[in-house]
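Data file: coords-v5.txt. Format and content: compact mmCIF, C-alpha atoms.
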```txt
# COMPACT_ATOMS: atom_id res chain seq x y z
CA GLY U 1 82.37 151.07 -100.46
CA ASP U 2 80.42 148.65 -98.32
CA SER U 3 78.32 150.18 -95.57
CA VAL U 4 75.39 149.55 -93.27
CA THR U 5 72.74 152.03 -92.18
CA GLN U 6 70.88 151.10 -89.06
CA MET U 7 67.90 152.60 -87.29
CA GLU U 8 69.11 154.78 -84.47
CA GLY U 9 67.79 154.29 -81.00
CA PRO U 10 67.33 154.09 -78.28
CA VAL U 11 64.21 151.96 -78.46
CA THR U 12 62.11 151.36 -75.36
CA LEU U 13 59.35 148.75 -75.43
CA SER U 14 57.06 147.12 -72.95
CA GLU U 15 57.38 143.38 -72.42
CA GLU U 16 55.54 141.35 -75.09
CA ALA U 17 55.56 144.21 -77.58
CA CYS U 18 56.65 143.71 -81.20
CA LEU U 19 60.13 144.78 -82.25
CA THR U 20 61.48 145.92 -85.61
CA ILE U 21 64.96 147.38 -86.05
CA ASN U 22 65.60 148.58 -89.57
CA CYS U 23 68.84 147.87 -91.40
CA THR U 24 69.77 148.69 -94.99
CA TYR U 25 73.05 148.13 -96.72
CA THR U 26 75.21 149.23 -99.62
CA ALA U 27 77.54 146.69 -101.15
CA THR U 28 78.77 145.36 -104.45
CA GLY U 29 77.93 141.82 -105.31
CA TYR U 30 76.25 139.53 -102.82
CA PRO U 31 77.28 140.23 -99.24
CA SER U 32 76.45 138.07 -96.24
CA LEU U 33 74.37 139.81 -93.58
CA PHE U 34 74.43 139.47 -89.82
CA TRP U 35 72.81 140.65 -86.63
CA TYR U 36 75.03 140.76 -83.55
CA VAL U 37 73.84 141.41 -79.98
CA GLN U 38 75.84 142.99 -77.17
CA TYR U 39 74.56 142.49 -73.63
CA PRO U 40 75.71 144.94 -70.96
CA GLY U 41 79.39 144.58 -70.15
CA GLU U 42 79.98 141.86 -72.72
CA GLY U 43 81.38 141.44 -76.20
CA LEU U 44 79.31 140.92 -79.31
CA GLN U 45 77.58 137.63 -80.01
CA LEU U 46 76.23 136.46 -83.33
CA LEU U 47 72.43 136.44 -83.19
CA LEU U 48 71.56 135.35 -86.72
CA LYS U 49 72.80 135.52 -90.27
CA ALA U 50 71.78 135.13 -93.91
CA THR U 51 74.14 134.47 -96.76
CA LYS U 52 71.99 134.88 -99.88
CA ALA U 53 68.92 136.68 -101.11
CA ASP U 54 65.60 135.60 -99.59
CA ASP U 55 67.33 133.65 -96.83
CA LYS U 56 65.75 134.06 -93.42
CA GLY U 57 67.96 133.92 -90.37
CA SER U 58 66.36 133.11 -87.03
CA ASN U 59 67.41 132.55 -83.44
CA LYS U 60 65.88 133.03 -79.97
CA GLY U 61 62.61 134.24 -81.52
CA PHE U 62 64.34 136.88 -83.65
CA GLU U 63 64.11 136.81 -87.43
CA ALA U 64 65.55 138.75 -90.35
CA THR U 65 65.07 138.23 -94.09
CA TYR U 66 67.72 139.14 -96.68
CA ARG U 67 65.88 141.35 -99.19
CA LYS U 68 68.11 142.12 -102.14
CA GLU U 69 65.48 144.17 -103.96
CA THR U 70 65.28 146.64 -101.05
CA THR U 71 68.85 146.03 -99.77
CA SER U 72 67.45 145.45 -96.31
CA PHE U 73 67.84 143.03 -93.40
CA HIS U 74 65.39 144.20 -90.75
CA LEU U 75 65.41 142.49 -87.35
CA GLU U 76 62.01 141.44 -85.95
CA LYS U 77 60.64 139.75 -82.88
CA GLY U 78 56.99 139.21 -82.13
CA SER U 79 57.14 139.43 -78.34
CA VAL U 80 60.16 140.91 -76.58
CA GLN U 81 61.27 140.04 -73.06
CA VAL U 82 63.18 142.02 -70.45
CA SER U 83 66.16 139.74 -71.12
CA ASP U 84 66.29 141.03 -74.72
CA SER U 85 67.52 144.41 -73.48
CA ALA U 86 70.85 144.91 -75.27
CA VAL U 87 72.50 146.73 -78.15
CA TYR U 88 71.86 145.22 -81.59
CA PHE U 89 74.27 145.64 -84.50
CA CYS U 90 73.59 144.94 -88.14
CA ALA U 91 76.68 143.97 -90.13
CA LEU U 92 77.71 142.82 -93.57
CA ARG U 93 80.60 140.83 -94.93
CA GLY U 94 81.53 141.82 -98.43
CA GLN U 95 82.91 139.57 -101.09
CA THR U 96 86.38 141.06 -100.87
CA GLY U 97 88.73 141.24 -97.92
CA ALA U 98 89.55 138.75 -95.23
CA ASN U 99 86.14 138.05 -93.74
CA ASN U 100 85.97 141.69 -92.68
CA LEU U 101 82.70 142.91 -91.21
CA PHE U 102 81.17 146.36 -91.65
CA PHE U 103 78.93 147.33 -88.75
CA GLY U 104 76.02 149.67 -88.32
CA THR U 105 76.02 152.13 -85.45
CA GLY U 106 73.99 149.89 -83.14
CA THR U 107 70.50 150.21 -81.66
CA ARG U 108 70.00 150.08 -77.91
CA LEU U 109 66.84 148.23 -76.90
CA THR U 110 65.39 148.50 -73.43
CA VAL U 111 62.43 146.31 -72.52
CA ILE U 112 60.47 147.32 -69.43
CA PRO U 113 58.25 144.96 -67.44
CA ASN O 114 87.53 126.47 -73.43
CA ALA O 115 87.84 130.19 -72.67
CA GLY O 116 87.12 131.42 -76.21
CA VAL O 117 88.55 134.91 -76.78
CA THR O 118 90.11 136.69 -73.82
CA GLN O 119 91.48 140.23 -73.60
CA THR O 120 93.95 141.80 -71.20
CA PRO O 121 93.58 144.25 -69.52
CA LYS O 122 89.87 144.98 -69.02
CA PHE O 123 90.42 148.65 -68.16
CA ARG O 124 93.31 151.06 -68.53
CA VAL O 125 93.91 154.77 -68.10
CA LEU O 126 96.86 156.31 -69.94
CA LYS O 127 98.31 159.78 -70.12
CA THR O 128 98.85 161.36 -73.51
CA GLY O 129 102.11 160.12 -75.01
CA GLN O 130 102.32 156.90 -73.00
CA SER O 131 102.49 153.54 -74.70
CA MET O 132 100.74 150.26 -74.01
CA THR O 133 99.95 146.87 -75.49
CA LEU O 134 96.60 145.13 -75.48
CA LEU O 135 96.70 141.36 -75.57
CA CYS O 136 94.13 139.12 -77.24
CA ALA O 137 94.25 135.35 -76.90
CA GLN O 138 92.04 132.66 -78.42
CA ASP O 139 91.99 128.93 -77.81
CA MET O 140 89.84 127.89 -80.78
CA ASN O 141 92.73 127.43 -83.24
CA HIS O 142 91.31 130.18 -85.45
CA GLU O 143 93.40 131.43 -88.34
CA TYR O 144 91.94 134.92 -88.51
CA MET O 145 92.05 137.55 -85.77
CA TYR O 146 90.83 141.15 -85.67
CA TRP O 147 91.04 144.31 -83.61
CA TYR O 148 88.07 146.71 -83.59
CA ARG O 149 87.34 149.91 -81.76
CA GLN O 150 83.86 150.88 -80.63
CA ASP O 151 82.92 154.52 -80.25
CA PRO O 152 79.55 156.04 -79.38
CA GLY O 153 77.33 156.45 -82.42
CA MET O 154 79.87 154.81 -84.75
CA GLY O 155 79.50 151.08 -84.29
CA LEU O 156 82.63 148.97 -84.55
CA ARG O 157 85.47 149.87 -86.89
CA LEU O 158 88.25 147.53 -87.93
CA ILE O 159 91.76 148.65 -86.93
CA HIS O 160 93.97 145.77 -88.07
CA TYR O 161 93.52 142.12 -88.81
CA SER O 162 95.57 138.99 -89.36
CA VAL O 163 94.89 136.00 -91.60
CA GLY O 164 97.55 133.84 -90.02
CA GLU O 165 100.61 133.65 -87.82
CA GLY O 166 103.20 136.20 -88.89
CA THR O 167 100.82 138.20 -91.11
CA THR O 168 98.97 141.44 -90.44
CA ALA O 169 97.02 143.93 -92.52
CA LYS O 170 95.43 147.36 -92.10
CA GLY O 171 91.75 147.82 -91.59
CA GLU O 172 89.59 150.92 -91.77
CA VAL O 173 91.26 152.98 -89.01
CA PRO O 174 94.89 151.79 -88.58
CA ASP O 175 96.66 155.08 -87.86
CA GLY O 176 98.33 155.29 -84.45
CA TYR O 177 98.25 151.53 -83.89
CA ASN O 178 100.57 148.63 -84.58
CA VAL O 179 99.93 144.92 -84.30
CA SER O 180 101.83 141.66 -84.15
CA ARG O 181 100.85 138.01 -84.56
CA LEU O 182 103.91 136.05 -83.47
CA LYS O 183 101.84 133.10 -82.28
CA LYS O 184 98.65 131.80 -83.83
CA GLN O 185 96.70 132.14 -80.62
CA ASN O 186 97.76 135.70 -79.77
CA PHE O 187 97.17 139.06 -81.45
CA LEU O 188 98.71 142.15 -79.86
CA LEU O 189 97.58 145.73 -80.40
CA GLY O 190 100.08 148.45 -79.56
CA LEU O 191 99.73 152.16 -79.03
CA GLU O 192 103.17 153.78 -79.24
CA SER O 193 102.11 157.29 -78.21
CA ALA O 194 98.56 157.41 -76.93
CA ALA O 195 96.28 160.32 -77.84
CA PRO O 196 92.89 161.33 -76.37
CA SER O 197 91.30 160.39 -79.72
CA GLN O 198 92.21 156.78 -78.91
CA THR O 199 89.89 156.73 -75.93
CA SER O 200 87.55 153.90 -76.86
CA VAL O 201 86.46 150.36 -76.16
CA TYR O 202 88.64 147.86 -78.01
CA PHE O 203 87.34 144.46 -79.08
CA CYS O 204 89.30 141.53 -80.35
CA ALA O 205 87.68 138.82 -82.45
CA SER O 206 88.73 135.60 -84.15
CA SER O 207 87.31 133.29 -86.80
CA TYR O 208 88.02 130.46 -89.13
CA SER O 209 88.73 131.76 -92.63
CA VAL O 210 85.19 132.68 -93.65
CA GLY O 211 82.97 132.16 -90.69
CA GLU O 212 81.44 133.56 -87.57
CA GLN O 213 83.61 136.00 -85.68
CA TYR O 214 83.87 135.36 -81.93
CA PHE O 215 84.42 138.46 -79.82
CA GLY O 216 86.25 139.04 -76.58
CA PRO O 217 84.75 141.01 -73.67
CA GLY O 218 86.51 144.25 -74.58
CA THR O 219 89.10 146.62 -73.10
CA ARG O 220 88.01 150.08 -72.02
CA LEU O 221 90.86 152.55 -72.60
CA THR O 222 90.86 156.15 -71.47
CA VAL O 223 93.60 158.54 -72.57
CA THR O 224 93.80 161.77 -70.58
```
Could you rewrite the structure in this file as C-alpha cells?
Amino acid sequence: GDSVTQMEGPVTLSEEACLTINCTYTATGYPSLFWYVQYPGEGLQLLLKATKADDKGSNKGFEATYRKETTSFHLEKGSVQVSDSAVYFCALRGQTGANNLFFGTGTRLTVIP
Amino acid sequence: NAGVTQTPKFRVLKTGQSMTLLCAQDMNHEYMYWYRQDPGMGLRLIHYSVGEGTTAKGEVPDGYNVSRLKKQNFLLGLESAAPSQTSVYFCASSYSVGEQYFGPGTRLTVT
C-alpha cells in the first residue's frame, strides 16, 4: 500500500543554518506529494506540493523536488529562522481513494537564535 | 470566514463514556475527514465523507462512528471510549481533489 517514510527528529539548528528533511515514499502509479507544517498548538497547514515527476514545490523559502527515480521528496531551506520552528509532515495522495492523504511520522524542527 | 473549526478543544473522558466531536467548515467543501495524531505515528485517517449523507472508513475506523447530515458539519462519535483512543483528533475539509484544510485539533484523554 501507499506509505511515506520520513526522517525522524528532532532536528535542532542554529538560525541561518541549512535544513534538509528527508522523505521517501512507496506508491503505485503517480502520487501527488506534499509537505505540511504544524506550528505549536495549531492544525496542519499546506507548505508546498508537487503533482508530477520533476516538479519543484516552493513556499516561504522552502523547496522540495519530486524525484520519481529515487521516490523522494526532500524538504530544503537554505537559511532557517526561529519562526520556522515547527513539526513538518511529508504526505502523499495516491491515485485511488477520495483525496486521502498518507502522512509520515513528522519531524520536529527547533531553530535557536 | 472561520475555515475549519472543532469543538471541543480539550476533553477528558472515563473509560466507557461516550462523546461526540464536532467539525464545522464554512468553505462549502464537499469532502471532510477525521484524523488522529499519535506520537511517532503521524496522522492516520479514521473516517471520511465525500458529500452530505455519505461516509466511508479510513485506515483506523474501529471504535468510531461518523455522520454527515449537513454539508458543513462532520461529527465523530465514540460510543464507549477506551484509553487507546487518547489522542489528538484533527478534522479537515477539501474540494474533491485539492488541498486539505485542517482544524486546530481536539485533545482527548481517556482515563
## Note on the structure
Across U:Thr110, U:Ser72, U:Gln45, U:Thr65, the smallest distance to Tyr25 of chain U, with only C-alpha atoms counted, is shown by U:Ser72
### Message
Using Å and a single decimal, report how far atom CA of Leu92 of chain U sits from atom CA of Gly106 of chain U.
### Response
13.1 Å
### Task
Output as a ChimeraX atom specification the set of chain O residues within 8 Å of chain U, with distances taken over all atoms listed in the file.
/O:153-158,163,203,209-218
#### Entry: Two-atom distance - atom CA of Val125 of chain O, atom CA of Ser207 of chain O (Å)
29.2 Å
Any chance you could work out the axis-aligned box around segment 156-159 of chain O, listed atoms only, 4 Å on each side, giving centre and edge lengths in Å to one decimal, as lines of an AutoDock Vina configuration file?
```
center_x = 87.2
center_y = 148.7
center_z = -86.2
size_x = 17.1
size_y = 10.3
size_z = 11.4
```
### Task
Would you mind reading off the distance between atom CA of Met145 of chain O and atom CA of Gly94 of chain U, one decimal, in Å?
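One can read the atom CA of Met145 of chain O to atom CA of Gly94 of chain U distance as 17.0 Å.
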### Message
List as a PyMOL selection string the protein and nucleic acid residues near segment 173-185 of chain O, meaning an atom at most 9 Å away when only C-alpha atoms are counted, but skip any in the same chain fewer than 2 places from it.
### Response
chain O and resi 136-145+147-149+157-162+164-171+187-195+198
### Task
Show me as a PyMOL selection string the residues that reach within 12 Å of (66.2, 132.9, -78.3), counting all atoms listed in the file and using the file's own coordinates.
chain U and resi 37+46-48+58-63+77-81+83-84
